[in-house]
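Next comes structure.txt, a file with compact mmCIF, N, CA and C atoms.
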```
# COMPACT_ATOMS: atom_id res chain seq x y z
N MET K 145 99.98 -1.36 44.91
CA MET K 145 100.68 -2.11 45.93
C MET K 145 100.80 -1.23 47.17
N ASP K 146 100.62 -1.85 48.28
CA ASP K 146 100.69 -1.06 49.49
C ASP K 146 101.97 -1.35 50.27
N GLU K 147 102.15 -0.58 51.32
CA GLU K 147 103.35 -0.73 52.15
C GLU K 147 103.43 -2.11 52.79
N LYS K 148 102.26 -2.67 53.08
CA LYS K 148 102.20 -3.98 53.73
C LYS K 148 102.92 -5.04 52.89
N THR K 149 102.78 -4.97 51.57
CA THR K 149 103.41 -5.95 50.67
C THR K 149 104.92 -5.93 50.84
N LEU K 150 105.50 -4.74 50.85
CA LEU K 150 106.95 -4.62 51.02
C LEU K 150 107.38 -5.07 52.41
N LYS K 151 106.64 -4.65 53.43
CA LYS K 151 106.98 -5.02 54.80
C LYS K 151 106.93 -6.53 55.00
N GLU K 152 105.89 -7.18 54.47
CA GLU K 152 105.76 -8.64 54.62
C GLU K 152 106.90 -9.38 53.92
N ALA K 153 107.45 -8.77 52.90
CA ALA K 153 108.59 -9.38 52.20
C ALA K 153 109.91 -9.10 52.92
N GLY K 154 109.86 -8.31 53.98
CA GLY K 154 111.07 -8.00 54.73
C GLY K 154 111.89 -6.88 54.11
N LEU K 155 111.24 -6.05 53.30
CA LEU K 155 111.94 -4.94 52.65
C LEU K 155 111.53 -3.61 53.24
N LYS K 156 112.45 -2.67 53.23
CA LYS K 156 112.17 -1.31 53.67
C LYS K 156 111.20 -0.68 52.67
N VAL K 157 110.23 0.05 53.19
CA VAL K 157 109.26 0.73 52.34
C VAL K 157 109.86 2.07 51.91
N THR K 158 110.02 2.26 50.61
CA THR K 158 110.51 3.53 50.08
C THR K 158 109.56 3.99 48.97
N PRO K 159 109.49 5.28 48.73
CA PRO K 159 108.65 5.77 47.64
C PRO K 159 109.04 5.17 46.29
N ARG K 160 110.34 4.98 46.07
CA ARG K 160 110.80 4.42 44.80
C ARG K 160 110.32 2.98 44.62
N ARG K 161 110.47 2.16 45.64
CA ARG K 161 110.01 0.77 45.54
C ARG K 161 108.51 0.70 45.32
N LYS K 162 107.76 1.53 46.06
CA LYS K 162 106.32 1.54 45.87
C LYS K 162 105.96 1.94 44.44
N ALA K 163 106.65 2.96 43.92
CA ALA K 163 106.39 3.42 42.55
C ALA K 163 106.72 2.33 41.54
N MET K 164 107.81 1.61 41.75
CA MET K 164 108.20 0.54 40.83
C MET K 164 107.15 -0.57 40.82
N LEU K 165 106.66 -0.93 42.00
CA LEU K 165 105.62 -1.96 42.06
C LEU K 165 104.34 -1.48 41.36
N GLU K 166 104.01 -0.22 41.52
CA GLU K 166 102.82 0.34 40.85
C GLU K 166 103.00 0.31 39.34
N ILE K 167 104.19 0.60 38.86
CA ILE K 167 104.47 0.56 37.42
C ILE K 167 104.27 -0.85 36.89
N LEU K 168 104.81 -1.83 37.60
CA LEU K 168 104.66 -3.22 37.17
C LEU K 168 103.20 -3.67 37.24
N LEU K 169 102.50 -3.25 38.27
CA LEU K 169 101.09 -3.60 38.41
C LEU K 169 100.27 -2.99 37.27
N GLY K 170 100.55 -1.74 36.97
CA GLY K 170 99.80 -1.04 35.92
C GLY K 170 100.09 -1.52 34.52
N SER K 171 101.25 -2.13 34.32
CA SER K 171 101.63 -2.54 32.97
C SER K 171 100.84 -3.75 32.48
N GLY K 172 100.49 -4.65 33.39
CA GLY K 172 99.78 -5.86 32.99
C GLY K 172 100.64 -6.86 32.25
N ARG K 173 101.94 -6.63 32.20
CA ARG K 173 102.86 -7.55 31.52
C ARG K 173 104.24 -7.45 32.17
N SER K 174 105.13 -8.31 31.76
CA SER K 174 106.50 -8.25 32.25
C SER K 174 107.21 -7.05 31.62
N LEU K 175 108.10 -6.45 32.39
CA LEU K 175 108.86 -5.29 31.90
C LEU K 175 110.34 -5.50 32.14
N THR K 176 111.16 -4.91 31.28
CA THR K 176 112.60 -4.91 31.51
C THR K 176 112.93 -3.81 32.51
N ALA K 177 114.13 -3.86 33.06
CA ALA K 177 114.57 -2.80 33.97
C ALA K 177 114.57 -1.46 33.25
N GLU K 178 114.92 -1.46 31.99
CA GLU K 178 114.94 -0.22 31.21
C GLU K 178 113.54 0.36 31.08
N GLU K 179 112.54 -0.49 30.89
CA GLU K 179 111.16 -0.01 30.78
C GLU K 179 110.67 0.54 32.12
N VAL K 180 111.03 -0.12 33.21
CA VAL K 180 110.66 0.37 34.54
C VAL K 180 111.35 1.71 34.78
N TYR K 181 112.62 1.78 34.45
CA TYR K 181 113.39 3.02 34.61
C TYR K 181 112.77 4.17 33.82
N SER K 182 112.39 3.89 32.58
CA SER K 182 111.79 4.92 31.73
C SER K 182 110.51 5.48 32.36
N ALA K 183 109.66 4.60 32.85
CA ALA K 183 108.41 5.03 33.48
C ALA K 183 108.68 5.73 34.82
N LEU K 184 109.60 5.21 35.59
CA LEU K 184 109.91 5.78 36.91
C LEU K 184 110.57 7.15 36.80
N SER K 185 111.46 7.31 35.82
CA SER K 185 112.20 8.58 35.70
C SER K 185 111.28 9.74 35.32
N GLN K 186 110.08 9.45 34.86
CA GLN K 186 109.10 10.51 34.58
C GLN K 186 108.49 11.03 35.88
N LYS K 187 108.57 10.21 36.95
CA LYS K 187 107.97 10.57 38.23
C LYS K 187 109.01 10.99 39.27
N GLN K 188 110.18 10.35 39.21
CA GLN K 188 111.20 10.56 40.24
C GLN K 188 112.57 10.65 39.59
N ASN K 189 113.47 11.30 40.29
CA ASN K 189 114.86 11.33 39.87
C ASN K 189 115.50 10.01 40.30
N CYS K 190 116.05 9.27 39.36
CA CYS K 190 116.69 7.98 39.68
C CYS K 190 117.67 7.64 38.58
N ASN K 191 118.44 6.58 38.81
CA ASN K 191 119.33 6.11 37.75
C ASN K 191 119.07 4.63 37.51
N LEU K 192 119.52 4.16 36.37
CA LEU K 192 119.24 2.79 35.95
C LEU K 192 119.83 1.76 36.89
N SER K 193 121.02 1.99 37.42
CA SER K 193 121.63 1.01 38.32
C SER K 193 120.81 0.84 39.60
N THR K 194 120.22 1.92 40.08
CA THR K 194 119.35 1.84 41.26
C THR K 194 118.12 1.00 40.97
N VAL K 195 117.56 1.18 39.78
CA VAL K 195 116.39 0.40 39.38
C VAL K 195 116.75 -1.09 39.31
N TYR K 196 117.88 -1.42 38.70
CA TYR K 196 118.32 -2.81 38.64
C TYR K 196 118.47 -3.40 40.04
N ARG K 197 119.12 -2.68 40.93
CA ARG K 197 119.32 -3.18 42.29
C ARG K 197 117.99 -3.42 42.99
N ALA K 198 117.09 -2.47 42.87
CA ALA K 198 115.79 -2.59 43.54
C ALA K 198 114.98 -3.75 42.96
N LEU K 199 114.97 -3.89 41.64
CA LEU K 199 114.22 -4.99 41.02
C LEU K 199 114.79 -6.34 41.45
N ASN K 200 116.10 -6.46 41.44
CA ASN K 200 116.73 -7.73 41.84
C ASN K 200 116.48 -8.03 43.31
N MET K 201 116.50 -7.00 44.15
CA MET K 201 116.22 -7.20 45.57
C MET K 201 114.79 -7.68 45.76
N MET K 202 113.84 -7.07 45.05
CA MET K 202 112.45 -7.49 45.17
C MET K 202 112.24 -8.90 44.61
N ALA K 203 113.01 -9.27 43.59
CA ALA K 203 112.94 -10.65 43.07
C ALA K 203 113.50 -11.64 44.08
N GLU K 204 114.60 -11.28 44.75
CA GLU K 204 115.18 -12.14 45.78
C GLU K 204 114.22 -12.36 46.94
N HIS K 205 113.37 -11.38 47.20
CA HIS K 205 112.39 -11.47 48.28
C HIS K 205 111.04 -11.97 47.78
N HIS K 206 111.02 -12.49 46.55
CA HIS K 206 109.86 -13.15 45.95
C HIS K 206 108.66 -12.23 45.70
N LEU K 207 108.89 -10.92 45.63
CA LEU K 207 107.82 -10.01 45.23
C LEU K 207 107.67 -9.99 43.71
N LEU K 208 108.78 -10.26 43.03
CA LEU K 208 108.80 -10.26 41.57
C LEU K 208 109.30 -11.58 41.04
N GLN K 209 108.86 -11.92 39.85
CA GLN K 209 109.43 -13.05 39.11
C GLN K 209 110.39 -12.45 38.09
N LYS K 210 111.52 -13.08 37.93
CA LYS K 210 112.56 -12.61 37.02
C LYS K 210 112.77 -13.70 35.98
N ASN K 211 112.55 -13.37 34.71
CA ASN K 211 112.67 -14.37 33.64
C ASN K 211 113.45 -13.80 32.46
N VAL K 212 114.21 -14.65 31.79
CA VAL K 212 114.89 -14.29 30.56
C VAL K 212 114.03 -14.81 29.41
N HIS K 213 113.67 -13.93 28.50
CA HIS K 213 112.83 -14.32 27.37
C HIS K 213 113.69 -14.64 26.16
N GLY K 214 113.05 -14.97 25.07
CA GLY K 214 113.74 -15.36 23.84
C GLY K 214 114.64 -14.29 23.28
N ASP K 215 114.38 -13.03 23.60
CA ASP K 215 115.23 -11.94 23.12
C ASP K 215 116.47 -11.74 23.99
N LYS K 216 116.66 -12.64 24.97
CA LYS K 216 117.80 -12.64 25.89
C LYS K 216 117.78 -11.48 26.88
N LYS K 217 116.66 -10.79 27.00
CA LYS K 217 116.52 -9.72 27.99
C LYS K 217 115.87 -10.28 29.24
N VAL K 218 116.19 -9.67 30.39
CA VAL K 218 115.59 -10.06 31.66
C VAL K 218 114.32 -9.24 31.85
N TYR K 219 113.24 -9.94 32.17
CA TYR K 219 111.95 -9.29 32.40
C TYR K 219 111.51 -9.55 33.84
N TYR K 220 110.82 -8.56 34.40
CA TYR K 220 110.32 -8.65 35.76
C TYR K 220 108.80 -8.52 35.73
N LYS K 221 108.14 -9.28 36.58
CA LYS K 221 106.70 -9.12 36.74
C LYS K 221 106.34 -9.40 38.18
N LEU K 222 105.20 -8.88 38.59
CA LEU K 222 104.76 -9.10 39.95
C LEU K 222 104.51 -10.57 40.19
N ASN K 223 104.91 -11.04 41.34
CA ASN K 223 104.68 -12.42 41.72
C ASN K 223 103.40 -12.47 42.55
N LEU K 224 102.28 -12.42 41.86
CA LEU K 224 100.99 -12.36 42.54
C LEU K 224 100.56 -13.72 43.05
N GLU K 225 101.18 -14.75 42.55
CA GLU K 225 100.82 -16.10 42.99
C GLU K 225 102.05 -16.99 42.88
N HIS K 226 102.01 -18.10 43.54
CA HIS K 226 103.13 -19.03 43.49
C HIS K 226 102.88 -20.13 42.47
N HIS K 227 101.91 -19.91 41.64
CA HIS K 227 101.52 -20.93 40.67
C HIS K 227 101.03 -20.19 39.44
N SER K 228 101.80 -20.18 38.38
CA SER K 228 101.34 -19.50 37.17
C SER K 228 101.84 -20.22 35.93
N HIS K 229 101.04 -20.12 34.90
CA HIS K 229 101.37 -20.68 33.59
C HIS K 229 101.04 -19.63 32.55
N GLN K 230 101.90 -19.48 31.56
CA GLN K 230 101.63 -18.46 30.56
C GLN K 230 102.31 -18.74 29.24
N LEU K 231 101.69 -18.20 28.19
CA LEU K 231 102.29 -18.15 26.86
C LEU K 231 102.88 -16.76 26.71
N VAL K 232 104.08 -16.66 26.14
CA VAL K 232 104.73 -15.37 25.96
C VAL K 232 105.16 -15.24 24.51
N CYS K 233 104.74 -14.15 23.89
CA CYS K 233 105.14 -13.89 22.50
C CYS K 233 106.59 -13.43 22.47
N GLU K 234 107.38 -14.04 21.62
CA GLU K 234 108.80 -13.70 21.49
C GLU K 234 109.01 -12.35 20.82
N ARG K 235 108.01 -11.85 20.13
CA ARG K 235 108.15 -10.58 19.41
C ARG K 235 107.65 -9.39 20.25
N CYS K 236 106.39 -9.42 20.65
CA CYS K 236 105.79 -8.26 21.34
C CYS K 236 105.73 -8.45 22.86
N HIS K 237 106.07 -9.65 23.33
CA HIS K 237 106.11 -9.98 24.76
C HIS K 237 104.75 -9.99 25.43
N GLU K 238 103.70 -10.12 24.63
CA GLU K 238 102.36 -10.28 25.20
C GLU K 238 102.33 -11.56 26.02
N HIS K 239 101.61 -11.52 27.14
CA HIS K 239 101.45 -12.69 28.01
C HIS K 239 100.01 -13.13 27.99
N VAL K 240 99.80 -14.43 27.88
CA VAL K 240 98.47 -15.00 27.96
C VAL K 240 98.50 -16.04 29.08
N SER K 241 97.66 -15.87 30.08
CA SER K 241 97.62 -16.83 31.18
C SER K 241 96.98 -18.13 30.72
N ILE K 242 97.50 -19.23 31.24
CA ILE K 242 96.96 -20.57 30.96
C ILE K 242 96.34 -21.07 32.26
N ASP K 243 95.06 -21.35 32.22
CA ASP K 243 94.37 -21.79 33.43
C ASP K 243 94.63 -23.26 33.75
N LEU K 244 94.81 -24.07 32.75
CA LEU K 244 95.05 -25.51 32.94
C LEU K 244 96.44 -25.73 33.53
N CYS K 245 96.55 -26.62 34.50
CA CYS K 245 97.85 -26.93 35.10
C CYS K 245 98.26 -28.35 34.73
N PRO K 246 99.17 -28.49 33.77
CA PRO K 246 99.62 -29.82 33.38
C PRO K 246 100.69 -30.40 34.32
N LEU K 247 101.05 -29.67 35.37
CA LEU K 247 102.18 -30.06 36.21
C LEU K 247 101.80 -30.67 37.55
N GLU K 248 100.51 -30.78 37.84
CA GLU K 248 100.11 -31.26 39.18
C GLU K 248 100.63 -32.67 39.48
N GLN K 249 100.47 -33.60 38.56
CA GLN K 249 100.97 -34.96 38.81
C GLN K 249 102.49 -34.97 38.90
N PHE K 250 103.15 -34.21 38.02
CA PHE K 250 104.60 -34.09 38.06
C PHE K 250 105.05 -33.54 39.42
N LYS K 251 104.35 -32.53 39.93
CA LYS K 251 104.67 -31.93 41.23
C LYS K 251 104.55 -32.98 42.34
N ARG K 252 103.46 -33.74 42.33
CA ARG K 252 103.28 -34.78 43.36
C ARG K 252 104.40 -35.82 43.28
N ASP K 253 104.72 -36.27 42.07
CA ASP K 253 105.80 -37.25 41.89
C ASP K 253 107.14 -36.69 42.36
N LEU K 254 107.40 -35.45 42.02
CA LEU K 254 108.65 -34.81 42.40
C LEU K 254 108.77 -34.68 43.92
N GLN K 255 107.69 -34.31 44.58
CA GLN K 255 107.69 -34.22 46.05
C GLN K 255 107.98 -35.59 46.66
N GLU K 256 107.31 -36.60 46.12
CA GLU K 256 107.48 -37.95 46.65
C GLU K 256 108.91 -38.45 46.45
N ASN K 257 109.49 -38.19 45.28
CA ASN K 257 110.82 -38.69 44.97
C ASN K 257 111.95 -37.91 45.62
N THR K 258 111.73 -36.63 45.91
CA THR K 258 112.82 -35.81 46.44
C THR K 258 112.64 -35.44 47.90
N GLY K 259 111.42 -35.53 48.41
CA GLY K 259 111.16 -35.11 49.77
C GLY K 259 110.94 -33.61 49.91
N TYR K 260 111.04 -32.87 48.80
CA TYR K 260 110.81 -31.43 48.84
C TYR K 260 109.33 -31.15 49.06
N LEU K 261 109.05 -30.09 49.79
CA LEU K 261 107.69 -29.56 49.87
C LEU K 261 107.65 -28.44 48.84
N ILE K 262 106.99 -28.69 47.73
CA ILE K 262 106.95 -27.72 46.64
C ILE K 262 105.88 -26.69 46.95
N THR K 263 106.30 -25.43 46.96
CA THR K 263 105.40 -24.35 47.35
C THR K 263 104.86 -23.54 46.18
N GLY K 264 105.36 -23.78 44.99
CA GLY K 264 104.87 -23.06 43.83
C GLY K 264 105.69 -23.36 42.61
N HIS K 265 105.20 -22.89 41.48
CA HIS K 265 105.96 -23.04 40.24
C HIS K 265 105.47 -22.03 39.21
N GLN K 266 106.32 -21.75 38.24
CA GLN K 266 105.98 -20.94 37.09
C GLN K 266 106.33 -21.75 35.85
N PHE K 267 105.46 -21.70 34.88
CA PHE K 267 105.64 -22.46 33.66
C PHE K 267 105.39 -21.50 32.51
N GLU K 268 106.38 -21.34 31.65
CA GLU K 268 106.26 -20.37 30.57
C GLU K 268 106.58 -21.05 29.25
N ILE K 269 105.71 -20.85 28.29
CA ILE K 269 105.91 -21.35 26.94
C ILE K 269 106.07 -20.15 26.03
N SER K 270 107.12 -20.13 25.23
CA SER K 270 107.30 -18.99 24.32
C SER K 270 106.90 -19.39 22.91
N GLY K 271 106.49 -18.40 22.16
CA GLY K 271 106.07 -18.61 20.78
C GLY K 271 105.83 -17.26 20.15
N ILE K 272 105.06 -17.24 19.08
CA ILE K 272 104.73 -16.01 18.38
C ILE K 272 103.21 -15.89 18.36
N CYS K 273 102.70 -14.77 18.89
CA CYS K 273 101.25 -14.57 18.97
C CYS K 273 100.66 -14.43 17.56
N PRO K 274 99.36 -14.64 17.42
CA PRO K 274 98.73 -14.55 16.09
C PRO K 274 98.94 -13.19 15.41
N ARG K 275 98.91 -12.11 16.18
CA ARG K 275 99.08 -10.77 15.60
C ARG K 275 100.49 -10.62 15.01
N CYS K 276 101.51 -11.04 15.75
CA CYS K 276 102.89 -10.94 15.25
C CYS K 276 103.14 -11.91 14.11
N ALA K 277 102.54 -13.10 14.18
CA ALA K 277 102.69 -14.07 13.09
C ALA K 277 102.09 -13.51 11.80
N GLN K 278 100.95 -12.84 11.92
CA GLN K 278 100.31 -12.23 10.75
C GLN K 278 101.20 -11.14 10.14
N LYS K 279 101.82 -10.34 11.00
CA LYS K 279 102.74 -9.29 10.52
C LYS K 279 103.92 -9.91 9.77
N GLU K 280 104.44 -11.02 10.28
CA GLU K 280 105.58 -11.66 9.62
C GLU K 280 105.19 -12.27 8.28
N LYS K 281 103.97 -12.81 8.18
CA LYS K 281 103.49 -13.34 6.90
C LYS K 281 103.46 -12.25 5.84
N LYS K 282 103.04 -11.06 6.24
CA LYS K 282 102.91 -9.96 5.30
C LYS K 282 104.27 -9.50 4.78
N LYS K 283 105.33 -9.70 5.56
CA LYS K 283 106.67 -9.31 5.14
C LYS K 283 107.17 -10.11 3.93
N TYR K 284 106.72 -11.35 3.82
CA TYR K 284 107.27 -12.25 2.81
C TYR K 284 106.38 -12.42 1.65
```

Is it possible to give me this structure as structure tokens?
Amino acid sequence: MDEKTLKEAGLKVTPRRKAMLEILLGSGRSLTAEEVYSALSQKQNCNLSTVYRALNMMAEHHLLQKNVHGDKKVYYKLNLEHHSHQLVCERCHEHVSIDLCPLEQFKRDLQENTGYLITGHQFEISGICPRCAQKEKKKY
């Protein structure tokens, strides 16, 4: 992530914010604030409350998506697009992108009925991935 991304979002460019965005970009999946903190603290001196504030600020400025998963933890991921669909494993938190958009007609109907100009959406389905399901079968 470059400085331009932060500037376009109306945020001050700091080494910490840039590093946090790089951590999220490199992960390829959603991360909790604790996971971001763990990775960041290996590179910079910081505290967990600072990481929470920065992540929430970036989410408010639409650089990040903030979601609560089945484990009741808050996860952050880069908001690379305003239109995404994904399957999320409740156990290992693996994300699988879904290319098909089942919401296009719903979006058009919603715009027509409410007058809103809909600029994007995220659609997430939770479940258990085949690898985790196989592990659970072996337990019993």

### Task
Measuring atom to atom with only N, CA and C atoms, identify which of K:Asn223, K:Lys216, K:Lys251, K:Gly271 is nearest to Arg235 in chain K.
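Checking each candidate against Arg235 in chain K, we get K:Gly271 as the closest.
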
List as a short mmCIF file (atom, residue, chain, number, x, y, z; two decimals) with N, CA and C atoms, keeping the file's coordinate frame the protein and nucleic acid residues near Lys217 in chain K, meaning an atom at most 8 Å away when only N, CA and C atoms are counted, but skip any in the same chain fewer than 3 places from it.
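Result went into around_5.cif, see below:
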```cif
data_model
loop_
_atom_site.label_atom_id
_atom_site.label_comp_id
_atom_site.auth_asym_id
_atom_site.auth_seq_id
_atom_site.Cartn_x
_atom_site.Cartn_y
_atom_site.Cartn_z
N LEU K 175 108.10 -6.45 32.39
CA LEU K 175 108.86 -5.29 31.90
C LEU K 175 110.34 -5.50 32.14
N THR K 176 111.16 -4.91 31.28
CA THR K 176 112.60 -4.91 31.51
C THR K 176 112.93 -3.81 32.51
N ALA K 177 114.13 -3.86 33.06
CA ALA K 177 114.57 -2.80 33.97
C ALA K 177 114.57 -1.46 33.25
N ASN K 211 112.55 -13.37 34.71
CA ASN K 211 112.67 -14.37 33.64
C ASN K 211 113.45 -13.80 32.46
N VAL K 212 114.21 -14.65 31.79
CA VAL K 212 114.89 -14.29 30.56
C VAL K 212 114.03 -14.81 29.41
N HIS K 213 113.67 -13.93 28.50
CA HIS K 213 112.83 -14.32 27.37
C HIS K 213 113.69 -14.64 26.16
N GLY K 214 113.05 -14.97 25.07
CA GLY K 214 113.74 -15.36 23.84
C GLY K 214 114.64 -14.29 23.28
N TYR K 220 110.82 -8.56 34.40
CA TYR K 220 110.32 -8.65 35.76
C TYR K 220 108.80 -8.52 35.73
#
```

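Neighbours of Arg252 in chain K closer than or equal to 10 Å, with only C-alpha atoms counted and sequence neighbours fewer than 6 positions away skipped, come out as Tyr260, Leu261 and Ile262 of chain K.
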
#### Entry: Exercise: His229 in chain K partners within 9 Å, only C-alpha atoms, chain neighbours under 5 positions left out, as a PyMOL selection string
chain K and resi 240-245+265-269

### Task
Pick out the closest residue to Arg197 in chain K from this set: K:Gln249, K:Cys233, K:Leu150, K:Tyr181. Count only C-alpha atoms.
K:Tyr181

Residue neighbourhood His205 in chain K, 9 Å, only C-alpha atoms, exclusion window fewer than 6 positions, as a tab-separated table (two decimals) with N, CA and C atoms, keeping the file's coordinate frame:
```tsv
chain	number	residue	atom	x	y	z
K	153	ALA	N	107.45	-8.77	52.90
K	153	ALA	CA	108.59	-9.38	52.20
K	153	ALA	C	109.91	-9.10	52.92
K	154	GLY	N	109.86	-8.31	53.98
K	154	GLY	CA	111.07	-8.00	54.73
K	154	GLY	C	111.89	-6.88	54.11
K	155	LEU	N	111.24	-6.05	53.30
K	155	LEU	CA	111.94	-4.94	52.65
K	155	LEU	C	111.53	-3.61	53.24
```

### Query
What is the distance, in Å and to one decimal place, between CA of Arg173 in chain K and CA of Phe250 in chain K?
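Distance between the two atoms: 27.4 Å.
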
### Task
Kindly indicate which residue among K:Ile167, K:Ala277, K:Cys236, K:Val180 lies nearest to Tyr196 in chain K, using only C-alpha atoms for the distances.
K:Val180

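In this structure, atom C of Pro159 in chain K sits 13.3 Å away from atom C of Asn191 in chain K.
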
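Rounded to one decimal, CA of Val218 in chain K and CA of Cys273 in chain K lie 19.7 Å from each other.
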
### Task
If you run DSSP over the backbone, which residues in chain K end up strand (DSSP E or B)? Put them as a list of chain:residue names.
K:Leu175, K:Leu208, K:Gln209, K:Lys210, K:Asn211, K:Val212, K:Val218, K:Tyr219, K:Tyr220, K:Lys221, K:Leu222, K:His227, K:Ser228, K:His229, K:Gln230, K:Leu231, K:Val232, K:Cys233, K:His239, K:Val240, K:Ser241, K:His265, K:Gln266, K:Phe267, K:Glu268, K:Ile269, K:Ser270, K:Gly271

Please save N, CA and C atoms of the selected residues as an mmCIF file, in the frame of the given file.
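Wrote it out as result-v4.cif, contents follow:
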```cif
data_model
loop_
_atom_site.group_PDB
_atom_site.id
_atom_site.type_symbol
_atom_site.label_atom_id
_atom_site.label_comp_id
_atom_site.auth_asym_id
_atom_site.auth_seq_id
_atom_site.Cartn_x
_atom_site.Cartn_y
_atom_site.Cartn_z
ATOM 1 N N LEU K 175 108.100 -6.450 32.390
ATOM 2 C CA LEU K 175 108.860 -5.290 31.900
ATOM 3 C C LEU K 175 110.340 -5.500 32.140
ATOM 4 N N LEU K 208 108.780 -10.260 43.030
ATOM 5 C CA LEU K 208 108.800 -10.260 41.570
ATOM 6 C C LEU K 208 109.300 -11.580 41.040
ATOM 7 N N GLN K 209 108.860 -11.920 39.850
ATOM 8 C CA GLN K 209 109.430 -13.050 39.110
ATOM 9 C C GLN K 209 110.390 -12.450 38.090
ATOM 10 N N LYS K 210 111.520 -13.080 37.930
ATOM 11 C CA LYS K 210 112.560 -12.610 37.020
ATOM 12 C C LYS K 210 112.770 -13.700 35.980
ATOM 13 N N ASN K 211 112.550 -13.370 34.710
ATOM 14 C CA ASN K 211 112.670 -14.370 33.640
ATOM 15 C C ASN K 211 113.450 -13.800 32.460
ATOM 16 N N VAL K 212 114.210 -14.650 31.790
ATOM 17 C CA VAL K 212 114.890 -14.290 30.560
ATOM 18 C C VAL K 212 114.030 -14.810 29.410
ATOM 19 N N VAL K 218 116.190 -9.670 30.390
ATOM 20 C CA VAL K 218 115.590 -10.060 31.660
ATOM 21 C C VAL K 218 114.320 -9.240 31.850
ATOM 22 N N TYR K 219 113.240 -9.940 32.170
ATOM 23 C CA TYR K 219 111.950 -9.290 32.400
ATOM 24 C C TYR K 219 111.510 -9.550 33.840
ATOM 25 N N TYR K 220 110.820 -8.560 34.400
ATOM 26 C CA TYR K 220 110.320 -8.650 35.760
ATOM 27 C C TYR K 220 108.800 -8.520 35.730
ATOM 28 N N LYS K 221 108.140 -9.280 36.580
ATOM 29 C CA LYS K 221 106.700 -9.120 36.740
ATOM 30 C C LYS K 221 106.340 -9.400 38.180
ATOM 31 N N LEU K 222 105.200 -8.880 38.590
ATOM 32 C CA LEU K 222 104.760 -9.100 39.950
ATOM 33 C C LEU K 222 104.510 -10.570 40.190
ATOM 34 N N HIS K 227 101.910 -19.910 41.640
ATOM 35 C CA HIS K 227 101.520 -20.930 40.670
ATOM 36 C C HIS K 227 101.030 -20.190 39.440
ATOM 37 N N SER K 228 101.800 -20.180 38.380
ATOM 38 C CA SER K 228 101.340 -19.500 37.170
ATOM 39 C C SER K 228 101.840 -20.220 35.930
ATOM 40 N N HIS K 229 101.040 -20.120 34.900
ATOM 41 C CA HIS K 229 101.370 -20.680 33.590
ATOM 42 C C HIS K 229 101.040 -19.630 32.550
ATOM 43 N N GLN K 230 101.900 -19.480 31.560
ATOM 44 C CA GLN K 230 101.630 -18.460 30.560
ATOM 45 C C GLN K 230 102.310 -18.740 29.240
ATOM 46 N N LEU K 231 101.690 -18.200 28.190
ATOM 47 C CA LEU K 231 102.290 -18.150 26.860
ATOM 48 C C LEU K 231 102.880 -16.760 26.710
ATOM 49 N N VAL K 232 104.080 -16.660 26.140
ATOM 50 C CA VAL K 232 104.730 -15.370 25.960
ATOM 51 C C VAL K 232 105.160 -15.240 24.510
ATOM 52 N N CYS K 233 104.740 -14.150 23.890
ATOM 53 C CA CYS K 233 105.140 -13.890 22.500
ATOM 54 C C CYS K 233 106.590 -13.430 22.470
ATOM 55 N N HIS K 239 101.610 -11.520 27.140
ATOM 56 C CA HIS K 239 101.450 -12.690 28.010
ATOM 57 C C HIS K 239 100.010 -13.130 27.990
ATOM 58 N N VAL K 240 99.800 -14.430 27.880
ATOM 59 C CA VAL K 240 98.470 -15.000 27.960
ATOM 60 C C VAL K 240 98.500 -16.040 29.080
ATOM 61 N N SER K 241 97.660 -15.870 30.080
ATOM 62 C CA SER K 241 97.620 -16.830 31.180
ATOM 63 C C SER K 241 96.980 -18.130 30.720
ATOM 64 N N HIS K 265 105.200 -22.890 41.480
ATOM 65 C CA HIS K 265 105.960 -23.040 40.240
ATOM 66 C C HIS K 265 105.470 -22.030 39.210
ATOM 67 N N GLN K 266 106.320 -21.750 38.240
ATOM 68 C CA GLN K 266 105.980 -20.940 37.090
ATOM 69 C C GLN K 266 106.330 -21.750 35.850
ATOM 70 N N PHE K 267 105.460 -21.700 34.880
ATOM 71 C CA PHE K 267 105.640 -22.460 33.660
ATOM 72 C C PHE K 267 105.390 -21.500 32.510
ATOM 73 N N GLU K 268 106.380 -21.340 31.650
ATOM 74 C CA GLU K 268 106.260 -20.370 30.570
ATOM 75 C C GLU K 268 106.580 -21.050 29.250
ATOM 76 N N ILE K 269 105.710 -20.850 28.290
ATOM 77 C CA ILE K 269 105.910 -21.350 26.940
ATOM 78 C C ILE K 269 106.070 -20.150 26.030
ATOM 79 N N SER K 270 107.120 -20.130 25.230
ATOM 80 C CA SER K 270 107.300 -18.990 24.320
ATOM 81 C C SER K 270 106.900 -19.390 22.910
ATOM 82 N N GLY K 271 106.490 -18.400 22.160
ATOM 83 C CA GLY K 271 106.070 -18.610 20.780
ATOM 84 C C GLY K 271 105.830 -17.260 20.150
#
```

#### Entry: Non-local contacts of Leu169 in chain K (8 Å; only N, CA and C atoms; under 3 positions in same chain excluded) as a PyMOL selection string
chain K and resi 145+163-166+172-173+221-222

Selection above as a file: N, CA and C atoms, as a compact mmCIF listing (two decimals), in the coordinates of the input:
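File again_38.txt, as written:
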```
# COMPACT_ATOMS: atom_id res chain seq x y z
N MET K 145 99.98 -1.36 44.91
CA MET K 145 100.68 -2.11 45.93
C MET K 145 100.80 -1.23 47.17
N ALA K 163 106.65 2.96 43.92
CA ALA K 163 106.39 3.42 42.55
C ALA K 163 106.72 2.33 41.54
N MET K 164 107.81 1.61 41.75
CA MET K 164 108.20 0.54 40.83
C MET K 164 107.15 -0.57 40.82
N LEU K 165 106.66 -0.93 42.00
CA LEU K 165 105.62 -1.96 42.06
C LEU K 165 104.34 -1.48 41.36
N GLU K 166 104.01 -0.22 41.52
CA GLU K 166 102.82 0.34 40.85
C GLU K 166 103.00 0.31 39.34
N GLY K 172 100.49 -4.65 33.39
CA GLY K 172 99.78 -5.86 32.99
C GLY K 172 100.64 -6.86 32.25
N ARG K 173 101.94 -6.63 32.20
CA ARG K 173 102.86 -7.55 31.52
C ARG K 173 104.24 -7.45 32.17
N LYS K 221 108.14 -9.28 36.58
CA LYS K 221 106.70 -9.12 36.74
C LYS K 221 106.34 -9.40 38.18
N LEU K 222 105.20 -8.88 38.59
CA LEU K 222 104.76 -9.10 39.95
C LEU K 222 104.51 -10.57 40.19
```
